[in-house]
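Heads up: the structure comes next, in structure tokens.
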Amino acid sequence: MATTNRRGFLTLAGVSALAVPLLAACNRDTNDPFADDTGGGESGGGEGGVAVIVTDADPESLNPGQTTSNQTLDVCAKIFEALVWIDPDGQPAPLLATEWTISEDELVYTFTLREGVTWHDGEPFTSADVVWTIEEGMPNNSRAQGVIAQIASVEAPGDYEVVITLIEPYAPLLQQLKVFDLPIIPKHVFEGTDLATNAASRAPIGTGPFRFSEWDPGRSLLLVANEEYWDEGKPGLSEIIYQIVPDAANRSAGLETGEYDFVGAFYLPRADVARLKSLDNVVVREQTTIPSLHFIQFNHQNEHLGKREVRQAIAKVVDRPRIVEQAMAGLGLPGVGSFGEGFPWLVNEEVSYDILYPLDPDAARSELESAGVPEGTTLRLTYDAAKPQFQAASQIVRDNLSAIGIEVTIEPLETSVYRDAVYAQRDFDLALQSFTSSGDPAIGYHRIYRTNETNDPNVNATGYSNAEVDALLEQAETVSDLEKRGEFYKQAQVILNEDVPTLVMYDELQADAVSTRLEGLFAGINPVDRWGEVTATE
Amino acid sequence: MSTPTLHDATPNAEAAGLATQENALGEFWYRFSRNRAAVVCLFVVIVVIAAALLAPLISPYDPMSGVGAAQQPPGSPGHLLGTDHLGRDMFSQVIHGARVSLMVGFVVAAFATVLGVLIGALAGYYGGWVDNVLMRVTEFFQTLPRLVLALIIVALFGSGLTKLILVVAILSWPQTARVVRTGFRTLRSAAFVDAARVSGVPSWRIIATEILPNVLAPVVVVASLDVASAILTEASLSFFGLGDPNVVSWGGMLQQAQQYLRSAWWMAVFPGIAIAVLVLTFNVLGDGLNDALNPRLKDKD
């Protein structure tokens, strides 16, 4: 009975977001399955209405230990919490951990956990959950495994104390203890069960501001306010509805009509951004808070691309501003160097692409000539067909290179075929690729340049190997002082910008589009995070 | 527009056999020219073929090159049909797109006709188990969901114009085979065929020189429809992003226009019109050919 009513409600919600808060209020009194067993309704928040968030597909799981897909992380960021959250300045702030100390040698991190936090099923949250999550809870979450690989041991000296010991100093550790990398999941629910088939992987139990209520596959998901949330007065919303909208154009149209409230960067069609910006009821926020680079990998096994002069000549004709303008609808910053400019503290302006490689087809042509590249040389350019932004970029690159007598054949490949061809077989000449930094250059960018003799997937496929660069990157990874780290990156750029093993096309700008009726968004660096702070007005 | 009913298209053996070649042609043209729509379509086809052949001379710009500001509306100076999202001239692209569409259409039709005639002739002439086997194979190919199979093949083996043509061709011949088989079954026991047989003419010559010329009329009609459907299939595949990214094609243009429907409608409208016109043209042309080649159908009315 309750379920039927709620379905009807969800349909209505899809039709008109304006009517939602009113309906939601009725709904809470009558049908809310959690309305009766929450005694602490007075202290909790959740009186602020409903927000409708758009997603493109069903999450494959609601267990963040099972996957790192966007659809899963987006929902899980509201339900689960981690030891820290990342504030708008990119600094870790207390969440499930209230404070921490770092040993002199930067190897031992001691966390004090928050007391009085309960899981959505009423069990208390303790250090055992943290230890278990790190040791056993994240087997299929590749981002979590990236952090866990740095950890030598994790211990719980007390119920509210956790000690993490690293294998060697690792600067971005705290950055990676956020909910997207290491969400804490409940030991008492999962221990000793098959994580994939455990019911809680589809009806999750977390500590976060929202608790899971209902999942109508292919249509929507419903989260409701956690009345017992430890942070009093939060969350500000009573419900979050995820509306599944497979068609991209419908997502922006629904935002325009007020049907939806939030379309995150991952789901927002780039071509619509300009139009959305002009609307009164929508705010578009552009940011590079989690920088990501889009670049061209040159296969050094190619007789021509193995020569540095040839790569430099190509750098002089690839029109980076045009790619940003036309292929990315302006949502990018034209490449300035090997690490882009998403992390301003590491940019070496003295060896910027703008100085080394201003657009100059004539100079490029004569450089190619002296490098012995014959007119009409053909290069094969490939990209992952699942990334549509590369279609336009590849056509611009072809257009640019045709100006210096290089013919480019475009060969988009299906994702798995692409990965095999580029990373395992190295069967390509030019490959378009994008990597996210995941918040720190050491996490996401080192792999663009470091030596990769074992043909690991999603790591430097160019064949470029420079011991000096490898050493500088390694040093940059182990120092936590930003200024010192920046020095290592600047030195690396002197070499890399000159060698151009890979040409950075642009830093991607993320654009999130939000209805003006939501307030308190963007409290954290990631707009998907910190929804406990969000409220809805009329 | 009525679709020609292919199975009624029994070859008019007597008419073709008795009339001299010149008379037949004259009569054909007389009948064809009475169908105004078909004549107009023939004219359109000739214009499109000319445009495709002369594309490099007619088109003002390189269709692959950004030559101006992006998304200029139609009528902008120097860009009759505007420019696309990469500043490429739409007019030049539409003209060059005709090359791909016509090439796919004609090559597929030629391939389908040759293969279809061969299989249909063997099945119809010999009958018995040969007929049985060949017709089951034909039916197998005919029941394959055309677009789905094409999608799978292109997704597995990558996109490219040659692969695309091959895929569409492999799916297109059964129609021809069935029509040819029907004709051969009717004529294999005709008096003139028996006469040839008893005078010791080898089977392959009977097939090729005695019967085949009499069943060609419906084959021509089917071929013109093949052209239309091949053009449409190529456009559909390109629209799904499975076309050849290294050539300009109307379907490919439509695919890229999708995300600009609200900001640059002309990116979708012109290639869309081009596809619609060409496909319609070949259909009406097939209709006209059918009427002209099968006067009996008309006479019955």
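Labeling convention for the structure tokens: chains A, B, ... as they appear, residues from 1 per chain, ligands from 1 in order of appearance.
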
Residues within 12 Å of A:Gly254, only C-alpha atoms, excluding chain neighbours under 4 positions, as number ranges by chain: A: 14-17, 52-54, 243-245, 247-250, 258-263, 268, 276, 281-282, 513-515

Residues of chain B were defined as contacting chain A if any atom lay at most 8 Å from it, counting only C-alpha atoms; please report them as a PDB file with all heavy atoms, in the first residue's frame.
ATOM      1  N   MET B  64      36.184  19.348 -45.069  1.00  0.00           N
ATOM      2  CA  MET B  64      36.718  18.859 -43.797  1.00  0.00           C
ATOM      3  C   MET B  64      37.415  19.958 -43.005  1.00  0.00           C
ATOM      4  O   MET B  64      37.860  19.737 -41.885  1.00  0.00           O
ATOM      5  CB  MET B  64      37.741  17.754 -44.060  1.00  0.00           C
ATOM      6  CG  MET B  64      37.229  16.646 -44.911  1.00  0.00           C
ATOM      7  SD  MET B  64      36.451  15.427 -43.892  1.00  0.00           S
ATOM      8  CE  MET B  64      37.379  14.002 -44.402  1.00  0.00           C
ATOM      9  N   SER B  65      37.569  21.126 -43.613  1.00  0.00           N
ATOM     10  CA  SER B  65      38.404  22.156 -43.016  1.00  0.00           C
ATOM     11  C   SER B  65      37.567  23.265 -42.395  1.00  0.00           C
ATOM     12  O   SER B  65      36.580  23.694 -42.988  1.00  0.00           O
ATOM     13  CB  SER B  65      39.296  22.745 -44.110  1.00  0.00           C
ATOM     14  OG  SER B  65      40.616  22.747 -43.669  1.00  0.00           O
ATOM     15  N   GLY B  66      37.973  23.714 -41.240  1.00  0.00           N
ATOM     16  CA  GLY B  66      37.327  24.874 -40.633  1.00  0.00           C
ATOM     17  C   GLY B  66      37.706  26.096 -41.443  1.00  0.00           C
ATOM     18  O   GLY B  66      38.881  26.417 -41.552  1.00  0.00           O
ATOM     19  N   ALA B  70      32.380  29.306 -36.279  1.00  0.00           N
ATOM     20  CA  ALA B  70      31.493  28.165 -36.103  1.00  0.00           C
ATOM     21  C   ALA B  70      30.041  28.613 -36.016  1.00  0.00           C
ATOM     22  O   ALA B  70      29.748  29.737 -35.602  1.00  0.00           O
ATOM     23  CB  ALA B  70      31.873  27.399 -34.848  1.00  0.00           C
ATOM     24  N   HIS B  85      29.523  23.154 -36.358  1.00  0.00           N
ATOM     25  CA  HIS B  85      30.110  23.448 -35.048  1.00  0.00           C
ATOM     26  C   HIS B  85      31.620  23.636 -35.102  1.00  0.00           C
ATOM     27  O   HIS B  85      32.217  24.117 -34.150  1.00  0.00           O
ATOM     28  CB  HIS B  85      29.747  22.341 -34.056  1.00  0.00           C
ATOM     29  CG  HIS B  85      30.239  20.980 -34.465  1.00  0.00           C
ATOM     30  ND1 HIS B  85      29.958  20.423 -35.686  1.00  0.00           N
ATOM     31  CD2 HIS B  85      31.013  20.087 -33.812  1.00  0.00           C
ATOM     32  CE1 HIS B  85      30.535  19.233 -35.766  1.00  0.00           C
ATOM     33  NE2 HIS B  85      31.177  19.000 -34.648  1.00  0.00           N
ATOM     34  N   LEU B  86      32.252  23.192 -36.209  1.00  0.00           N
ATOM     35  CA  LEU B  86      33.701  23.377 -36.317  1.00  0.00           C
ATOM     36  C   LEU B  86      34.037  24.417 -37.385  1.00  0.00           C
ATOM     37  O   LEU B  86      35.170  24.491 -37.848  1.00  0.00           O
ATOM     38  CB  LEU B  86      34.382  22.042 -36.660  1.00  0.00           C
ATOM     39  CG  LEU B  86      34.139  20.902 -35.670  1.00  0.00           C
ATOM     40  CD1 LEU B  86      34.898  19.652 -36.109  1.00  0.00           C
ATOM     41  CD2 LEU B  86      34.581  21.299 -34.273  1.00  0.00           C
ATOM     42  N   ALA B 155      30.353  -2.610 -35.148  1.00  0.00           N
ATOM     43  CA  ALA B 155      30.891  -2.448 -33.798  1.00  0.00           C
ATOM     44  C   ALA B 155      32.039  -3.423 -33.555  1.00  0.00           C
ATOM     45  O   ALA B 155      33.019  -3.108 -32.897  1.00  0.00           O
ATOM     46  CB  ALA B 155      29.782  -2.661 -32.766  1.00  0.00           C
ATOM     47  N   GLY B 158      34.943  -2.514 -36.548  1.00  0.00           N
ATOM     48  CA  GLY B 158      35.336  -1.139 -36.763  1.00  0.00           C
ATOM     49  C   GLY B 158      34.633  -0.555 -37.969  1.00  0.00           C
ATOM     50  O   GLY B 158      34.078  -1.279 -38.801  1.00  0.00           O
ATOM     51  N   SER B 159      34.624   0.775 -38.027  1.00  0.00           N
ATOM     52  CA  SER B 159      33.894   1.416 -39.102  1.00  0.00           C
ATOM     53  C   SER B 159      34.825   1.755 -40.246  1.00  0.00           C
ATOM     54  O   SER B 159      36.021   1.923 -40.064  1.00  0.00           O
ATOM     55  CB  SER B 159      33.231   2.687 -38.573  1.00  0.00           C
ATOM     56  OG  SER B 159      34.188   3.474 -37.931  1.00  0.00           O
ATOM     57  N   PRO B 245      34.503   7.904 -40.139  1.00  0.00           N
ATOM     58  CA  PRO B 245      34.749   9.284 -39.709  1.00  0.00           C
ATOM     59  C   PRO B 245      35.668  10.048 -40.654  1.00  0.00           C
ATOM     60  O   PRO B 245      35.876  11.235 -40.473  1.00  0.00           O
ATOM     61  CB  PRO B 245      35.401   9.116 -38.333  1.00  0.00           C
ATOM     62  CG  PRO B 245      35.988   7.759 -38.342  1.00  0.00           C
ATOM     63  CD  PRO B 245      35.153   6.921 -39.271  1.00  0.00           C
ATOM     64  N   ASN B 246      36.213   9.362 -41.656  1.00  0.00           N
ATOM     65  CA  ASN B 246      37.154  10.043 -42.538  1.00  0.00           C
ATOM     66  C   ASN B 246      36.541  10.519 -43.843  1.00  0.00           C
ATOM     67  O   ASN B 246      37.244  10.991 -44.716  1.00  0.00           O
ATOM     68  CB  ASN B 246      38.349   9.126 -42.815  1.00  0.00           C
ATOM     69  CG  ASN B 246      39.098   8.828 -41.538  1.00  0.00           C
ATOM     70  OD1 ASN B 246      39.643   9.722 -40.911  1.00  0.00           O
ATOM     71  ND2 ASN B 246      39.073   7.576 -41.111  1.00  0.00           N
ATOM     72  N   GLN B 259      23.524  17.268 -31.040  1.00  0.00           N
ATOM     73  CA  GLN B 259      23.610  18.070 -29.825  1.00  0.00           C
ATOM     74  C   GLN B 259      23.505  19.569 -30.101  1.00  0.00           C
ATOM     75  O   GLN B 259      23.558  20.363 -29.183  1.00  0.00           O
ATOM     76  CB  GLN B 259      24.873  17.737 -29.051  1.00  0.00           C
ATOM     77  CG  GLN B 259      26.119  17.654 -29.891  1.00  0.00           C
ATOM     78  CD  GLN B 259      27.352  17.485 -29.036  1.00  0.00           C
ATOM     79  OE1 GLN B 259      27.412  17.975 -27.928  1.00  0.00           O
ATOM     80  NE2 GLN B 259      28.342  16.785 -29.562  1.00  0.00           N
ATOM     81  N   TYR B 260      23.355  19.924 -31.378  1.00  0.00           N
ATOM     82  CA  TYR B 260      23.228  21.345 -31.690  1.00  0.00           C
ATOM     83  C   TYR B 260      21.842  21.689 -32.213  1.00  0.00           C
ATOM     84  O   TYR B 260      21.633  22.739 -32.797  1.00  0.00           O
ATOM     85  CB  TYR B 260      24.298  21.768 -32.707  1.00  0.00           C
ATOM     86  CG  TYR B 260      25.692  21.565 -32.171  1.00  0.00           C
ATOM     87  CD1 TYR B 260      26.403  20.415 -32.459  1.00  0.00           C
ATOM     88  CD2 TYR B 260      26.281  22.510 -31.334  1.00  0.00           C
ATOM     89  CE1 TYR B 260      27.681  20.205 -31.933  1.00  0.00           C
ATOM     90  CE2 TYR B 260      27.536  22.317 -30.807  1.00  0.00           C
ATOM     91  CZ  TYR B 260      28.227  21.163 -31.114  1.00  0.00           C
ATOM     92  OH  TYR B 260      29.473  20.964 -30.589  1.00  0.00           O
TER      93      TYR B 260
END

DSSP-assigned strand (DSSP E or B) among stretch 52-252 of chain B, expressed as number ranges by chain: B: 76, 79, 83, 89

Output file for the selection above: all heavy atoms, as a compact mmCIF listing (two decimals), in the first residue's frame:
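Output below, filename part-v1.txt:
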# COMPACT_ATOMS: atom_id res chain seq x y z
N SER B 76 24.84 33.35 -44.40
CA SER B 76 25.97 34.17 -43.98
C SER B 76 26.89 34.38 -45.18
O SER B 76 26.95 33.52 -46.06
CB SER B 76 26.75 33.47 -42.86
OG SER B 76 25.91 33.18 -41.79
N HIS B 79 28.80 31.62 -47.03
CA HIS B 79 28.33 30.30 -46.60
C HIS B 79 26.82 30.20 -46.80
O HIS B 79 26.03 30.49 -45.91
CB HIS B 79 28.69 30.04 -45.13
CG HIS B 79 30.15 30.16 -44.86
ND1 HIS B 79 31.06 29.22 -45.28
CD2 HIS B 79 30.88 31.12 -44.23
CE1 HIS B 79 32.28 29.58 -44.93
NE2 HIS B 79 32.19 30.74 -44.28
N THR B 83 27.59 27.40 -41.45
CA THR B 83 28.73 26.57 -41.08
C THR B 83 28.34 25.70 -39.90
O THR B 83 27.38 25.97 -39.20
CB THR B 83 29.97 27.41 -40.69
OG1 THR B 83 29.62 28.23 -39.56
CG2 THR B 83 30.42 28.29 -41.83
N ASP B 89 32.16 24.57 -43.94
CA ASP B 89 31.09 25.05 -44.80
C ASP B 89 30.05 23.96 -45.05
O ASP B 89 30.38 22.88 -45.54
CB ASP B 89 31.69 25.53 -46.13
CG ASP B 89 30.64 26.11 -47.05
OD1 ASP B 89 29.91 27.01 -46.60
OD2 ASP B 89 30.54 25.66 -48.21

Distance criterion (only C-alpha atoms): nearest to B:Leu280 out of B:Val154, B:Ala37, B:Gly251, B:Thr233: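 Among the listed residues, the smallest separation from B:Leu280 belongs to B:Ala37.
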
Determine, counting only C-alpha atoms, which protein, DNA and RNA residues have an atom within 7 Å of an atom of stretch 109-115 of chain A; residues of the same chain fewer than 2 positions away are not included. Present the result as a CSV table (one decimal) with C-alpha atoms, in the first residue's frame.
chain,number,residue,atom,x,y,z
A,96,LEU,CA,34.0,10.9,10.7
A,97,ALA,CA,37.4,11.7,12.1
A,98,THR,CA,37.4,14.8,14.3
A,99,GLU,CA,41.1,15.3,14.4
A,100,TRP,CA,44.4,13.6,13.4
A,101,THR,CA,48.1,13.8,14.0
A,102,ILE,CA,50.9,12.9,11.6
A,103,SER,CA,54.2,11.5,12.9
A,107,LEU,CA,54.4,7.5,8.1
A,117,VAL,CA,27.6,8.5,15.2
A,160,TYR,CA,37.3,5.9,18.6
A,161,GLU,CA,41.0,5.8,17.6
A,162,VAL,CA,42.5,4.5,14.3
A,163,VAL,CA,46.2,4.4,13.5
A,164,ILE,CA,47.2,4.1,9.8
A,165,THR,CA,50.8,3.3,9.0

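By chain and then residue number, the residues within 9 Å of B:Ala169 are Val107, Val108, Ala109, Ala110, Phe111, Ala112, Leu164, Ile165, Leu166, Val167, Leu171, Ser172, Trp173 and Ala230 of chain B, counting only C-alpha atoms and disregarding those fewer than 2 positions away in sequence.
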
Surrounding residues of B:Met90 excluding itself and chain neighbours under 6 positions, 12 Å, only C-alpha atoms, as an MDAnalysis selection string: chainID B and resid 59:68 70:76 78:84 96:97 248:250 253:254 257 264:271 274

Between atom CA of B:Val47 and atom CA of B:Arg99, distance in Å (one decimal): 12.2 Å

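Coordinates place atom CA of A:Asp420 at a distance of 13.9 Å from atom CA of A:Thr462.
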
Residue neighbourhood B:Ala38, 6 Å, only C-alpha atoms, exclusion window fewer than 2 positions, as a PDB file with N, CA and C atoms, in the first residue's frame:
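Listing of part-v5.pdb after writing:
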ATOM      1  N   ASN B  35       4.941   9.233 -66.902  1.00  0.00           N
ATOM      2  CA  ASN B  35       4.942   9.392 -65.437  1.00  0.00           C
ATOM      3  C   ASN B  35       5.784  10.619 -65.082  1.00  0.00           C
ATOM      4  N   ARG B  36       5.089  11.748 -64.910  1.00  0.00           N
ATOM      5  CA  ARG B  36       5.782  13.030 -64.701  1.00  0.00           C
ATOM      6  C   ARG B  36       6.741  12.965 -63.510  1.00  0.00           C
ATOM      7  N   VAL B  40      10.804  13.760 -63.360  1.00  0.00           N
ATOM      8  CA  VAL B  40      11.421  14.765 -62.478  1.00  0.00           C
ATOM      9  C   VAL B  40      12.515  14.101 -61.636  1.00  0.00           C
ATOM     10  N   CYS B  41      12.209  12.911 -61.119  1.00  0.00           N
ATOM     11  CA  CYS B  41      13.172  12.227 -60.266  1.00  0.00           C
ATOM     12  C   CYS B  41      14.415  11.825 -61.043  1.00  0.00           C
ATOM     13  N   VAL B 284      10.560   6.763 -56.218  1.00  0.00           N
ATOM     14  CA  VAL B 284       9.637   7.168 -57.288  1.00  0.00           C
ATOM     15  C   VAL B 284      10.163   6.668 -58.634  1.00  0.00           C
ATOM     16  N   LEU B 285      11.472   6.723 -58.771  1.00  0.00           N
ATOM     17  CA  LEU B 285      12.102   6.253 -59.998  1.00  0.00           C
ATOM     18  C   LEU B 285      11.817   4.760 -60.182  1.00  0.00           C
ATOM     19  N   GLY B 288       8.329   4.360 -61.296  1.00  0.00           N
ATOM     20  CA  GLY B 288       8.189   4.704 -62.707  1.00  0.00           C
ATOM     21  C   GLY B 288       8.723   3.600 -63.610  1.00  0.00           C
TER      22      GLY B 288
END

Top pick for closest residue to B:Val220, considering B:Asp194, B:Gln256, B:Ala292, B:Leu237 and counting only C-alpha atoms: B:Ala292

Which of A:Glu227, A:Glu286, A:Asp384, A:Asp105 sits closest to A:Pro169 [using only C-alpha atoms]: A:Asp105

Residue neighbourhood B:Thr113, 12 Å, only C-alpha atoms, exclusion window fewer than 4 positions, as a tab-separated table (two decimals) with N, CA, C and O atoms, in the first residue's frame:
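Listed below is the output, selection.tsv:
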chain	number	residue	atom	x	y	z
B	105	GLY	N	25.08	3.64	-52.42
B	105	GLY	CA	23.87	3.20	-53.09
B	105	GLY	C	24.17	2.35	-54.32
B	105	GLY	O	23.67	1.23	-54.46
B	106	PHE	N	25.02	2.87	-55.21
B	106	PHE	CA	25.26	2.17	-56.47
B	106	PHE	C	26.09	0.90	-56.28
B	106	PHE	O	25.80	-0.13	-56.88
B	107	VAL	N	27.13	0.98	-55.45
B	107	VAL	CA	27.96	-0.21	-55.26
B	107	VAL	C	27.14	-1.34	-54.62
B	107	VAL	O	27.20	-2.49	-55.04
B	108	VAL	N	26.35	-0.96	-53.62
B	108	VAL	CA	25.52	-1.98	-52.96
B	108	VAL	C	24.53	-2.58	-53.97
B	108	VAL	O	24.37	-3.79	-54.06
B	109	ALA	N	23.88	-1.71	-54.74
B	109	ALA	CA	22.90	-2.20	-55.70
B	109	ALA	C	23.56	-3.12	-56.72
B	109	ALA	O	23.02	-4.17	-57.07
B	117	VAL	N	21.04	-12.14	-58.81
B	117	VAL	CA	20.74	-12.75	-60.11
B	117	VAL	C	21.36	-14.14	-60.17
B	117	VAL	O	20.71	-15.11	-60.57
B	118	LEU	N	22.58	-14.25	-59.73
B	118	LEU	CA	23.28	-15.54	-59.78
B	118	LEU	C	22.51	-16.59	-58.99
B	118	LEU	O	22.18	-17.68	-59.49
B	119	ILE	N	22.20	-16.25	-57.74
B	119	ILE	CA	21.54	-17.22	-56.87
B	119	ILE	C	20.11	-17.49	-57.33
B	119	ILE	O	19.67	-18.64	-57.41
B	120	GLY	N	19.41	-16.42	-57.69
B	120	GLY	CA	18.03	-16.58	-58.15
B	120	GLY	C	17.96	-17.42	-59.41
B	120	GLY	O	17.08	-18.27	-59.56
B	121	ALA	N	18.90	-17.20	-60.34
B	121	ALA	CA	18.90	-17.92	-61.61
B	121	ALA	C	19.14	-19.41	-61.38
B	121	ALA	O	18.42	-20.26	-61.91
B	169	ALA	N	25.53	-4.59	-48.53
B	169	ALA	CA	25.37	-5.41	-49.73
B	169	ALA	C	24.97	-6.84	-49.37
B	169	ALA	O	24.07	-7.42	-49.98
B	170	ILE	N	25.63	-7.39	-48.36
B	170	ILE	CA	25.34	-8.76	-47.97
B	170	ILE	C	23.89	-8.91	-47.54
B	170	ILE	O	23.28	-9.96	-47.70
B	171	LEU	N	23.35	-7.81	-47.03
B	171	LEU	CA	21.97	-7.87	-46.54
B	171	LEU	C	20.94	-7.53	-47.62
B	171	LEU	O	19.75	-7.63	-47.41
B	172	SER	N	21.42	-7.09	-48.79
B	172	SER	CA	20.48	-6.54	-49.76
B	172	SER	C	20.09	-7.50	-50.90
B	172	SER	O	19.09	-7.27	-51.58
B	173	TRP	N	20.88	-8.57	-51.14
B	173	TRP	CA	20.66	-9.36	-52.35
B	173	TRP	C	19.42	-10.26	-52.35
B	173	TRP	O	18.92	-10.61	-53.41
B	174	PRO	N	18.88	-10.70	-51.19
B	174	PRO	CA	17.80	-11.69	-51.24
B	174	PRO	C	16.58	-11.26	-52.04
B	174	PRO	O	15.99	-12.07	-52.74
B	175	GLN	N	16.23	-9.99	-51.97
B	175	GLN	CA	15.08	-9.49	-52.72
B	175	GLN	C	15.25	-9.79	-54.21
B	175	GLN	O	14.36	-10.35	-54.85
B	176	THR	N	16.42	-9.42	-54.73
B	176	THR	CA	16.71	-9.66	-56.14
B	176	THR	C	16.64	-11.16	-56.45
B	176	THR	O	16.06	-11.58	-57.45
B	177	ALA	N	17.25	-11.95	-55.59
B	177	ALA	CA	17.29	-13.39	-55.82
B	177	ALA	C	15.87	-13.96	-55.95
B	177	ALA	O	15.60	-14.77	-56.84
B	178	ARG	N	14.98	-13.51	-55.11
B	178	ARG	CA	13.61	-14.04	-55.15
B	178	ARG	C	12.90	-13.66	-56.45
B	178	ARG	O	12.21	-14.47	-57.06
B	179	VAL	N	13.09	-12.39	-56.84
B	179	VAL	CA	12.44	-11.93	-58.07
B	179	VAL	C	12.97	-12.71	-59.28
B	179	VAL	O	12.20	-13.18	-60.12
B	180	VAL	N	14.29	-12.88	-59.32
B	180	VAL	CA	14.90	-13.58	-60.45
B	180	VAL	C	14.44	-15.04	-60.47
B	180	VAL	O	14.10	-15.60	-61.52
B	216	LEU	N	15.15	-9.34	-66.68
B	216	LEU	CA	15.92	-8.19	-66.19
B	216	LEU	C	15.05	-7.00	-65.77
B	216	LEU	O	15.45	-6.22	-64.89
B	218	PRO	N	12.23	-6.53	-63.90
B	218	PRO	CA	12.00	-6.35	-62.46
B	218	PRO	C	13.30	-6.19	-61.67
B	218	PRO	O	13.31	-5.55	-60.62
B	219	VAL	N	14.39	-6.78	-62.20
B	219	VAL	CA	15.66	-6.65	-61.50
B	219	VAL	C	16.09	-5.18	-61.44
B	219	VAL	O	16.57	-4.70	-60.42
B	220	VAL	N	15.87	-4.49	-62.55
B	220	VAL	CA	16.21	-3.07	-62.59
B	220	VAL	C	15.40	-2.30	-61.55
B	220	VAL	O	15.91	-1.45	-60.83
B	221	VAL	N	14.13	-2.67	-61.44
B	221	VAL	CA	13.27	-2.00	-60.47
B	221	VAL	C	13.78	-2.25	-59.05
B	221	VAL	O	13.94	-1.32	-58.24
B	222	VAL	N	14.08	-3.51	-58.76
B	222	VAL	CA	14.57	-3.85	-57.43
B	222	VAL	C	15.88	-3.11	-57.15
B	222	VAL	O	16.11	-2.60	-56.06
B	223	ALA	N	16.73	-3.03	-58.17
B	223	ALA	CA	18.03	-2.36	-57.98
B	223	ALA	C	17.84	-0.90	-57.58
B	223	ALA	O	18.53	-0.39	-56.71
B	224	SER	N	16.86	-0.24	-58.21
B	224	SER	CA	16.68	1.18	-57.88
B	224	SER	C	16.19	1.33	-56.44
B	224	SER	O	16.52	2.28	-55.75
B	225	LEU	N	15.40	0.33	-56.00
B	225	LEU	CA	14.96	0.38	-54.59
B	225	LEU	C	16.13	0.05	-53.66
B	225	LEU	O	16.24	0.59	-52.56
B	226	ASP	N	17.01	-0.85	-54.13
B	226	ASP	CA	18.20	-1.18	-53.35
B	226	ASP	C	19.05	0.07	-53.10
B	226	ASP	O	19.59	0.27	-52.02
B	227	VAL	N	19.18	0.88	-54.16
B	227	VAL	CA	19.96	2.10	-54.01
B	227	VAL	C	19.39	2.94	-52.88
B	227	VAL	O	20.09	3.37	-51.97

Distance in Å - atom CA of B:Gly26 versus atom CA of B:Asn294: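 Spanning atom CA of B:Gly26 to atom CA of B:Asn294 is a straight-line distance of 14.2 Å.
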
Which of stretch 3-203 of chain B fall in helix (DSSP H, G or I), as a PyMOL selection string: chain B and resi 6-8+13-18+21-33+36-53+55-58+90-126+128-143+146-157+161-187+191-198+203

From B:Ser229, B:Asn132, B:Gln258, B:Ser33, residue lying nearest B:Arg146 [only C-alpha atoms]: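 Distance minimum relative to B:Arg146 lands on B:Ser229.
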